[in-house]
$ cat query_0.cif   # mmCIF, C-alpha atoms
data_model
loop_
_atom_site.group_PDB
_atom_site.id
_atom_site.type_symbol
_atom_site.label_atom_id
_atom_site.label_comp_id
_atom_site.auth_asym_id
_atom_site.auth_seq_id
_atom_site.Cartn_x
_atom_site.Cartn_y
_atom_site.Cartn_z
ATOM 1 C CA LEU A 269 0.000 0.000 0.000
ATOM 2 C CA LYS A 270 2.667 2.492 0.981
ATOM 3 C CA LEU A 271 5.455 0.957 -1.139
ATOM 4 C CA VAL A 272 3.719 1.277 -4.521
ATOM 5 C CA PRO A 273 4.199 4.769 -5.985
ATOM 6 C CA GLY A 274 1.294 6.881 -7.134
ATOM 7 C CA LYS A 275 0.002 10.411 -7.401
ATOM 8 C CA PRO A 276 -0.955 11.826 -3.975
ATOM 9 C CA PHE A 277 -4.285 13.587 -3.568
ATOM 10 C CA ASP A 278 -6.531 14.912 -0.818
ATOM 11 C CA GLY A 279 -9.823 13.326 0.200
ATOM 12 C CA PRO A 280 -12.967 15.209 1.207
ATOM 13 C CA ARG A 281 -12.691 17.595 4.139
ATOM 14 C CA ALA A 282 -14.406 16.283 7.269
ATOM 15 C CA PRO A 283 -16.554 18.532 9.498
ATOM 16 C CA SER A 284 -13.651 18.854 11.946
ATOM 17 C CA GLY A 285 -11.338 20.065 9.174
ATOM 18 C CA HIS A 286 -9.418 16.794 8.801
ATOM 19 C CA VAL A 287 -8.395 16.099 5.195
ATOM 20 C CA PRO A 288 -7.303 12.501 4.515
ATOM 21 C CA LYS A 289 -4.323 11.963 2.204
ATOM 22 C CA TYR A 290 -4.527 9.218 -0.419
ATOM 23 C CA THR A 291 -2.186 7.739 -3.008
ATOM 24 C CA ASP A 292 -3.622 6.878 -6.410
ATOM 25 C CA ASN A 293 -1.977 3.473 -6.860
ATOM 26 C CA GLY A 294 -4.968 1.118 -6.804
ATOM 27 C CA PHE A 295 -4.757 0.128 -10.482
ATOM 28 C CA VAL A 296 -1.074 -0.760 -10.157
ATOM 29 C CA CYS A 297 -1.752 -2.713 -6.931
ATOM 30 C CA PHE A 298 -4.549 -4.577 -8.716
ATOM 31 C CA TRP A 299 -2.216 -5.772 -11.491
ATOM 32 C CA ILE A 300 0.575 -6.609 -9.040
ATOM 33 C CA THR A 301 -1.906 -8.834 -7.207
ATOM 34 C CA ILE A 302 -3.219 -10.497 -10.389
ATOM 35 C CA PHE A 303 0.270 -11.174 -11.792
ATOM 36 C CA GLY A 304 1.467 -12.352 -8.381
ATOM 37 C CA LEU A 305 -1.441 -14.788 -8.167
ATOM 38 C CA ALA A 306 -0.782 -16.061 -11.695
ATOM 39 C CA LEU A 307 2.918 -16.489 -10.900
ATOM 40 C CA LEU A 308 2.171 -18.457 -7.727
ATOM 41 C CA VAL A 309 -0.163 -20.756 -9.651
ATOM 42 C CA TYR A 310 2.341 -21.141 -12.499
ATOM 43 C CA LEU A 311 5.179 -22.004 -10.076
ATOM 44 C CA LYS A 312 2.819 -24.474 -8.361
ATOM 45 C CA LEU A 313 3.209 -22.657 -5.030
ATOM 46 C CA LEU A 314 -0.554 -22.098 -4.881
ATOM 47 C CA ASN A 315 -3.131 -24.751 -5.635
ATOM 48 C CA PRO A 316 -6.176 -22.930 -7.044
ATOM 49 C CA GLY A 317 -8.407 -25.771 -5.873
ATOM 50 C CA PHE A 318 -7.527 -25.114 -2.220
ATOM 51 C CA ILE A 319 -9.946 -22.184 -1.929
ATOM 52 C CA TYR A 320 -12.728 -24.080 -3.671
ATOM 53 C CA GLU A 321 -12.221 -27.180 -1.507
ATOM 54 C CA ASN A 322 -12.079 -25.171 1.729
ATOM 55 C CA LEU A 323 -14.625 -22.454 0.962
ATOM 56 C CA GLY A 324 -16.814 -23.264 4.005
ATOM 57 C CA PRO A 325 -14.043 -22.985 6.628
ATOM 58 C CA ILE A 326 -12.594 -19.927 4.881
ATOM 59 C CA MET A 327 -15.969 -18.134 4.936
ATOM 60 C CA THR A 328 -16.463 -19.079 8.594
ATOM 61 C CA GLN A 329 -13.061 -17.653 9.513
ATOM 62 C CA LEU A 330 -13.674 -14.478 7.485
ATOM 63 C CA ASN A 331 -16.989 -13.892 9.267
ATOM 64 C CA PHE A 332 -15.404 -14.411 12.679
ATOM 65 C CA THR A 333 -12.471 -12.124 11.810
ATOM 66 C CA ALA A 334 -14.857 -9.434 10.517
ATOM 67 C CA LEU A 335 -16.866 -9.555 13.757
ATOM 68 C CA VAL A 336 -13.719 -9.216 15.887
ATOM 69 C CA LEU A 337 -12.445 -6.347 13.693
ATOM 70 C CA CYS A 338 -15.801 -4.547 13.938
ATOM 71 C CA LEU A 339 -15.807 -4.872 17.729
ATOM 72 C CA TYR A 340 -12.235 -3.567 17.855
ATOM 73 C CA LEU A 341 -13.082 -0.578 15.632
ATOM 74 C CA TYR A 342 -16.214 0.148 17.682
ATOM 75 C CA PHE A 343 -14.235 0.464 20.905
ATOM 76 C CA LYS A 344 -11.282 2.166 19.212
ATOM 77 C CA GLY A 345 -13.574 4.852 17.791
ATOM 78 C CA LEU A 346 -15.136 5.482 21.196
ATOM 79 C CA TYR A 347 -12.010 5.478 23.368
ATOM 80 C CA PHE A 348 -8.977 5.990 21.055
ATOM 81 C CA PRO A 349 -10.142 7.867 17.926
ATOM 82 C CA SER A 350 -7.624 8.719 15.197
ATOM 83 C CA THR A 351 -9.228 12.095 14.413
ATOM 84 C CA LYS A 352 -11.778 14.417 15.989
ATOM 85 C CA ASP A 353 -14.454 12.959 13.695
ATOM 86 C CA ALA A 354 -15.583 10.273 16.109
ATOM 87 C CA GLY A 355 -18.328 9.795 18.613
ATOM 88 C CA SER A 356 -21.438 7.926 19.605
ATOM 89 C CA SER A 357 -25.080 8.314 18.663
ATOM 90 C CA GLY A 358 -26.094 6.808 21.994
ATOM 91 C CA ASN A 359 -27.449 3.656 20.363
ATOM 92 C CA ILE A 360 -25.094 0.659 20.458
ATOM 93 C CA LEU A 361 -26.566 -1.009 17.349
ATOM 94 C CA ILE A 362 -26.401 2.143 15.237
ATOM 95 C CA ASP A 363 -22.851 2.842 16.407
ATOM 96 C CA PHE A 364 -21.771 -0.728 15.666
ATOM 97 C CA TYR A 365 -23.169 -0.785 12.124
ATOM 98 C CA TRP A 366 -22.508 2.839 11.127
ATOM 99 C CA GLY A 367 -19.198 3.105 12.934
ATOM 100 C CA THR A 368 -17.918 5.413 15.620
ATOM 101 C CA GLU A 369 -15.077 6.967 13.627
ATOM 102 C CA LEU A 370 -15.096 8.630 10.203
ATOM 103 C CA TYR A 371 -11.454 7.936 9.257
ATOM 104 C CA PRO A 372 -10.145 5.059 11.393
ATOM 105 C CA SER A 373 -6.411 4.404 11.156
ATOM 106 C CA ILE A 374 -3.817 2.241 12.873
ATOM 107 C CA ALA A 375 -0.124 3.202 12.789
ATOM 108 C CA GLY A 376 -0.820 5.799 10.086
ATOM 109 C CA VAL A 377 -2.579 3.339 7.756
ATOM 110 C CA ASP A 378 -6.084 4.408 6.737
ATOM 111 C CA LEU A 379 -8.200 1.334 7.471
ATOM 112 C CA LYS A 380 -10.978 2.252 5.033
ATOM 113 C CA THR A 381 -8.535 2.393 2.151
ATOM 114 C CA MET A 382 -6.676 -0.715 3.218
ATOM 115 C CA LEU A 383 -9.702 -2.885 3.945
ATOM 116 C CA ILE A 384 -12.274 -1.749 1.416
ATOM 117 C CA CYS A 385 -10.203 -0.681 -1.566
ATOM 118 C CA ARG A 386 -7.298 -3.050 -1.216
ATOM 119 C CA TYR A 387 -8.203 -6.148 0.734
ATOM 120 C CA PHE A 388 -11.876 -6.778 -0.038
ATOM 121 C CA VAL A 389 -11.911 -5.768 -3.700
ATOM 122 C CA LEU A 390 -8.646 -7.555 -4.529
ATOM 123 C CA THR A 391 -9.673 -10.616 -2.518
ATOM 124 C CA LYS A 392 -12.930 -10.781 -4.439
ATOM 125 C CA VAL A 393 -11.132 -10.508 -7.791
ATOM 126 C CA CYS A 394 -8.532 -13.100 -6.773
ATOM 127 C CA THR A 395 -11.190 -15.479 -5.444
ATOM 128 C CA TYR A 396 -13.153 -15.234 -8.691
ATOM 129 C CA SER A 397 -9.938 -15.756 -10.649
ATOM 130 C CA ILE A 398 -9.089 -18.853 -8.618
ATOM 131 C CA LEU A 399 -12.616 -20.238 -8.976
ATOM 132 C CA ASN A 400 -12.394 -19.666 -12.743
ATOM 133 C CA LEU A 401 -9.048 -21.467 -12.808
ATOM 134 C CA CYS A 402 -10.673 -24.367 -10.932
ATOM 135 C CA PHE A 403 -13.538 -24.424 -13.414
ATOM 136 C CA PHE A 404 -11.249 -24.510 -16.442
ATOM 137 C CA LYS A 405 -8.926 -27.022 -14.772
ATOM 138 C CA GLY A 406 -11.947 -29.298 -14.246
ATOM 139 C CA MET A 407 -12.871 -29.045 -17.926
ATOM 140 C CA GLU A 408 -9.563 -30.586 -19.025
#
$ encode --input "query_0.cif" --output "C-alpha coordinates"
Amino acid sequence: LKLVPGKPFDGPRAPSGHVPKYTDNGFVCFWITIFGLALLVYLKLLNPGFIYENLGPIMTQLNFTALVLCLYLYFKGLYFPSTKDAGSSGNILIDFYWGTELYPSIAGVDLKTMLICRYFVLTKVCTYSILNLCFFKGME
(Lines of atoms letter the chains of each structure in order from A and count residues from 1; the text may use other names and numbers.)
(Lines give C-alpha, C1' and ligand atoms only; values in the text may rest on other atoms or scores of the structure.)
Protein backbone atom coordinates (compact mmCIF):
# COMPACT_ATOMS: atom_id res chain seq x y z
CA LEU A 1 0.00 0.00 0.00
CA LYS A 2 2.67 2.49 0.98
CA LEU A 3 5.45 0.96 -1.14
CA VAL A 4 3.72 1.28 -4.52
CA PRO A 5 4.20 4.77 -5.98
CA GLY A 6 1.29 6.88 -7.13
CA LYS A 7 0.00 10.41 -7.40
CA PRO A 8 -0.95 11.83 -3.97
CA PHE A 9 -4.29 13.59 -3.57
CA ASP A 10 -6.53 14.91 -0.82
CA GLY A 11 -9.82 13.33 0.20
CA PRO A 12 -12.97 15.21 1.21
CA ARG A 13 -12.69 17.60 4.14
CA ALA A 14 -14.41 16.28 7.27
CA PRO A 15 -16.55 18.53 9.50
CA SER A 16 -13.65 18.85 11.95
CA GLY A 17 -11.34 20.07 9.17
CA HIS A 18 -9.42 16.79 8.80
CA VAL A 19 -8.39 16.10 5.20
CA PRO A 20 -7.30 12.50 4.52
CA LYS A 21 -4.32 11.96 2.20
CA TYR A 22 -4.53 9.22 -0.42
CA THR A 23 -2.19 7.74 -3.01
CA ASP A 24 -3.62 6.88 -6.41
CA ASN A 25 -1.98 3.47 -6.86
CA GLY A 26 -4.97 1.12 -6.80
CA PHE A 27 -4.76 0.13 -10.48
CA VAL A 28 -1.07 -0.76 -10.16
CA CYS A 29 -1.75 -2.71 -6.93
CA PHE A 30 -4.55 -4.58 -8.72
CA TRP A 31 -2.22 -5.77 -11.49
CA ILE A 32 0.58 -6.61 -9.04
CA THR A 33 -1.91 -8.83 -7.21
CA ILE A 34 -3.22 -10.50 -10.39
CA PHE A 35 0.27 -11.17 -11.79
CA GLY A 36 1.47 -12.35 -8.38
CA LEU A 37 -1.44 -14.79 -8.17
CA ALA A 38 -0.78 -16.06 -11.70
CA LEU A 39 2.92 -16.49 -10.90
CA LEU A 40 2.17 -18.46 -7.73
CA VAL A 41 -0.16 -20.76 -9.65
CA TYR A 42 2.34 -21.14 -12.50
CA LEU A 43 5.18 -22.00 -10.08
CA LYS A 44 2.82 -24.47 -8.36
CA LEU A 45 3.21 -22.66 -5.03
CA LEU A 46 -0.55 -22.10 -4.88
CA ASN A 47 -3.13 -24.75 -5.63
CA PRO A 48 -6.18 -22.93 -7.04
CA GLY A 49 -8.41 -25.77 -5.87
CA PHE A 50 -7.53 -25.11 -2.22
CA ILE A 51 -9.95 -22.18 -1.93
CA TYR A 52 -12.73 -24.08 -3.67
CA GLU A 53 -12.22 -27.18 -1.51
CA ASN A 54 -12.08 -25.17 1.73
CA LEU A 55 -14.63 -22.45 0.96
CA GLY A 56 -16.81 -23.26 4.01
CA PRO A 57 -14.04 -22.99 6.63
CA ILE A 58 -12.59 -19.93 4.88
CA MET A 59 -15.97 -18.13 4.94
CA THR A 60 -16.46 -19.08 8.59
CA GLN A 61 -13.06 -17.65 9.51
CA LEU A 62 -13.67 -14.48 7.48
CA ASN A 63 -16.99 -13.89 9.27
CA PHE A 64 -15.40 -14.41 12.68
CA THR A 65 -12.47 -12.12 11.81
CA ALA A 66 -14.86 -9.43 10.52
CA LEU A 67 -16.87 -9.56 13.76
CA VAL A 68 -13.72 -9.22 15.89
CA LEU A 69 -12.44 -6.35 13.69
CA CYS A 70 -15.80 -4.55 13.94
CA LEU A 71 -15.81 -4.87 17.73
CA TYR A 72 -12.23 -3.57 17.85
CA LEU A 73 -13.08 -0.58 15.63
CA TYR A 74 -16.21 0.15 17.68
CA PHE A 75 -14.23 0.46 20.91
CA LYS A 76 -11.28 2.17 19.21
CA GLY A 77 -13.57 4.85 17.79
CA LEU A 78 -15.14 5.48 21.20
CA TYR A 79 -12.01 5.48 23.37
CA PHE A 80 -8.98 5.99 21.05
CA PRO A 81 -10.14 7.87 17.93
CA SER A 82 -7.62 8.72 15.20
CA THR A 83 -9.23 12.09 14.41
CA LYS A 84 -11.78 14.42 15.99
CA ASP A 85 -14.45 12.96 13.69
CA ALA A 86 -15.58 10.27 16.11
CA GLY A 87 -18.33 9.79 18.61
CA SER A 88 -21.44 7.93 19.60
CA SER A 89 -25.08 8.31 18.66
CA GLY A 90 -26.09 6.81 21.99
CA ASN A 91 -27.45 3.66 20.36
CA ILE A 92 -25.09 0.66 20.46
CA LEU A 93 -26.57 -1.01 17.35
CA ILE A 94 -26.40 2.14 15.24
CA ASP A 95 -22.85 2.84 16.41
CA PHE A 96 -21.77 -0.73 15.67
CA TYR A 97 -23.17 -0.78 12.12
CA TRP A 98 -22.51 2.84 11.13
CA GLY A 99 -19.20 3.10 12.93
CA THR A 100 -17.92 5.41 15.62
CA GLU A 101 -15.08 6.97 13.63
CA LEU A 102 -15.10 8.63 10.20
CA TYR A 103 -11.45 7.94 9.26
CA PRO A 104 -10.14 5.06 11.39
CA SER A 105 -6.41 4.40 11.16
CA ILE A 106 -3.82 2.24 12.87
CA ALA A 107 -0.12 3.20 12.79
CA GLY A 108 -0.82 5.80 10.09
CA VAL A 109 -2.58 3.34 7.76
CA ASP A 110 -6.08 4.41 6.74
CA LEU A 111 -8.20 1.33 7.47
CA LYS A 112 -10.98 2.25 5.03
CA THR A 113 -8.54 2.39 2.15
CA MET A 114 -6.68 -0.71 3.22
CA LEU A 115 -9.70 -2.89 3.94
CA ILE A 116 -12.27 -1.75 1.42
CA CYS A 117 -10.20 -0.68 -1.57
CA ARG A 118 -7.30 -3.05 -1.22
CA TYR A 119 -8.20 -6.15 0.73
CA PHE A 120 -11.88 -6.78 -0.04
CA VAL A 121 -11.91 -5.77 -3.70
CA LEU A 122 -8.65 -7.55 -4.53
CA THR A 123 -9.67 -10.62 -2.52
CA LYS A 124 -12.93 -10.78 -4.44
CA VAL A 125 -11.13 -10.51 -7.79
CA CYS A 126 -8.53 -13.10 -6.77
CA THR A 127 -11.19 -15.48 -5.44
CA TYR A 128 -13.15 -15.23 -8.69
CA SER A 129 -9.94 -15.76 -10.65
CA ILE A 130 -9.09 -18.85 -8.62
CA LEU A 131 -12.62 -20.24 -8.98
CA ASN A 132 -12.39 -19.67 -12.74
CA LEU A 133 -9.05 -21.47 -12.81
CA CYS A 134 -10.67 -24.37 -10.93
CA PHE A 135 -13.54 -24.42 -13.41
CA PHE A 136 -11.25 -24.51 -16.44
CA LYS A 137 -8.93 -27.02 -14.77
CA GLY A 138 -11.95 -29.30 -14.25
CA MET A 139 -12.87 -29.04 -17.93
CA GLU A 140 -9.56 -30.59 -19.02
$ residues_around --input "query_0.cif" --residues "range 271-286 of chain A" --least-positions-apart "5" --cutoff "8 Å" --atoms "all atoms listed in the file" --output "MDAnalysis selection string"
chainID A and resid 291:293 296:297 351:353
$ resolve_selection --input "query_0.cif" --expression "the PyMOL selection byres ((chain A and resi 350) around 8)" --output "ChimeraX atom specification"
/A:345,348-349,351-352,369,371-374
$ atom_distance --input "query_0.cif" --atom1 "CA of Thr395 in chain A" --atom2 "CA of Tyr320 in chain A"
8.9 Å
$ atom_distance --input "query_0.cif" --atom1 "CA of Val393 in chain A" --atom2 "CA of Trp366 in chain A"
25.8 Å
$ closest_residue --input "query_0.cif" --among "A:Thr333, A:Cys394, A:Leu399, A:Leu323" --to "Leu305 in chain A" --atoms "all atoms listed in the file"
A:Cys394
$ atom_distance --input "query_0.cif" --atom1 "CA of Phe332 in chain A" --atom2 "CA of Ile300 in chain A"
28.1 Å
$ build_atoms --input "query_0.cif" --residues "range 388-399 of chain A" --atoms "all heavy atoms" --output "tab-separated table (two decimals), in the frame of the given file"
chain	number	residue	atom	x	y	z
A	388	PHE	N	-10.62	-6.15	0.37
A	388	PHE	CA	-11.88	-6.78	-0.04
A	388	PHE	C	-12.04	-6.85	-1.55
A	388	PHE	O	-12.42	-7.88	-2.09
A	388	PHE	CB	-13.07	-6.07	0.60
A	388	PHE	CG	-13.09	-6.20	2.09
A	388	PHE	CD1	-13.21	-5.09	2.90
A	388	PHE	CD2	-12.96	-7.44	2.69
A	388	PHE	CE1	-13.23	-5.22	4.28
A	388	PHE	CE2	-12.98	-7.57	4.07
A	388	PHE	CZ	-13.11	-6.46	4.86
A	389	VAL	N	-11.74	-5.76	-2.25
A	389	VAL	CA	-11.91	-5.77	-3.70
A	389	VAL	C	-10.91	-6.73	-4.35
A	389	VAL	O	-11.28	-7.53	-5.20
A	389	VAL	CB	-11.77	-4.34	-4.27
A	389	VAL	CG1	-11.75	-4.37	-5.79
A	389	VAL	CG2	-12.91	-3.46	-3.77
A	390	LEU	N	-9.65	-6.66	-3.94
A	390	LEU	CA	-8.65	-7.56	-4.53
A	390	LEU	C	-8.90	-9.00	-4.14
A	390	LEU	O	-8.69	-9.91	-4.95
A	390	LEU	CB	-7.24	-7.12	-4.12
A	390	LEU	CG	-6.76	-5.83	-4.78
A	390	LEU	CD1	-5.39	-5.45	-4.26
A	390	LEU	CD2	-6.74	-5.94	-6.29
A	391	THR	N	-9.37	-9.25	-2.92
A	391	THR	CA	-9.67	-10.62	-2.52
A	391	THR	C	-10.82	-11.17	-3.36
A	391	THR	O	-10.78	-12.32	-3.79
A	391	THR	CB	-10.03	-10.67	-1.02
A	391	THR	OG1	-8.93	-10.18	-0.28
A	391	THR	CG2	-10.37	-12.08	-0.58
A	392	LYS	N	-11.81	-10.34	-3.61
A	392	LYS	CA	-12.93	-10.78	-4.44
A	392	LYS	C	-12.46	-11.12	-5.85
A	392	LYS	O	-12.81	-12.16	-6.40
A	392	LYS	CB	-14.00	-9.69	-4.48
A	392	LYS	CG	-15.24	-10.08	-5.20
A	392	LYS	CD	-16.28	-8.98	-5.09
A	392	LYS	CE	-17.56	-9.40	-5.77
A	392	LYS	NZ	-18.60	-8.39	-5.64
A	393	VAL	N	-11.64	-10.26	-6.44
A	393	VAL	CA	-11.13	-10.51	-7.79
A	393	VAL	C	-10.27	-11.76	-7.81
A	393	VAL	O	-10.40	-12.61	-8.70
A	393	VAL	CB	-10.34	-9.29	-8.29
A	393	VAL	CG1	-9.56	-9.63	-9.56
A	393	VAL	CG2	-11.27	-8.12	-8.54
A	394	CYS	N	-9.40	-11.92	-6.82
A	394	CYS	CA	-8.53	-13.10	-6.77
A	394	CYS	C	-9.34	-14.37	-6.54
A	394	CYS	O	-9.06	-15.41	-7.14
A	394	CYS	CB	-7.47	-12.95	-5.69
A	394	CYS	SG	-6.24	-11.72	-6.11
A	395	THR	N	-10.35	-14.30	-5.70
A	395	THR	CA	-11.19	-15.48	-5.44
A	395	THR	C	-11.92	-15.89	-6.72
A	395	THR	O	-11.96	-17.06	-7.06
A	395	THR	CB	-12.20	-15.19	-4.32
A	395	THR	OG1	-11.48	-14.82	-3.15
A	395	THR	CG2	-13.07	-16.40	-4.03
A	396	TYR	N	-12.49	-14.91	-7.43
A	396	TYR	CA	-13.15	-15.23	-8.69
A	396	TYR	C	-12.17	-15.79	-9.70
A	396	TYR	O	-12.49	-16.72	-10.45
A	396	TYR	CB	-13.86	-14.01	-9.27
A	396	TYR	CG	-15.11	-13.62	-8.53
A	396	TYR	CD1	-15.62	-12.34	-8.61
A	396	TYR	CD2	-15.81	-14.54	-7.75
A	396	TYR	CE1	-16.77	-11.97	-7.94
A	396	TYR	CE2	-16.97	-14.18	-7.07
A	396	TYR	CZ	-17.44	-12.90	-7.18
A	396	TYR	OH	-18.57	-12.54	-6.53
A	397	SER	N	-10.95	-15.25	-9.72
A	397	SER	CA	-9.94	-15.76	-10.65
A	397	SER	C	-9.59	-17.20	-10.32
A	397	SER	O	-9.47	-18.04	-11.21
A	397	SER	CB	-8.68	-14.89	-10.59
A	397	SER	OG	-8.96	-13.57	-10.95
A	398	ILE	N	-9.42	-17.49	-9.03
A	398	ILE	CA	-9.09	-18.85	-8.62
A	398	ILE	C	-10.24	-19.81	-8.93
A	398	ILE	O	-10.02	-20.91	-9.42
A	398	ILE	CB	-8.71	-18.89	-7.12
A	398	ILE	CG1	-7.35	-18.23	-6.93
A	398	ILE	CG2	-8.69	-20.32	-6.59
A	398	ILE	CD1	-6.95	-18.05	-5.49
A	399	LEU	N	-11.47	-19.38	-8.66
A	399	LEU	CA	-12.62	-20.24	-8.98
A	399	LEU	C	-12.73	-20.48	-10.48
A	399	LEU	O	-13.07	-21.58	-10.92
A	399	LEU	CB	-13.90	-19.63	-8.42
A	399	LEU	CG	-14.01	-19.63	-6.89
A	399	LEU	CD1	-15.27	-18.90	-6.45
A	399	LEU	CD2	-13.98	-21.02	-6.33
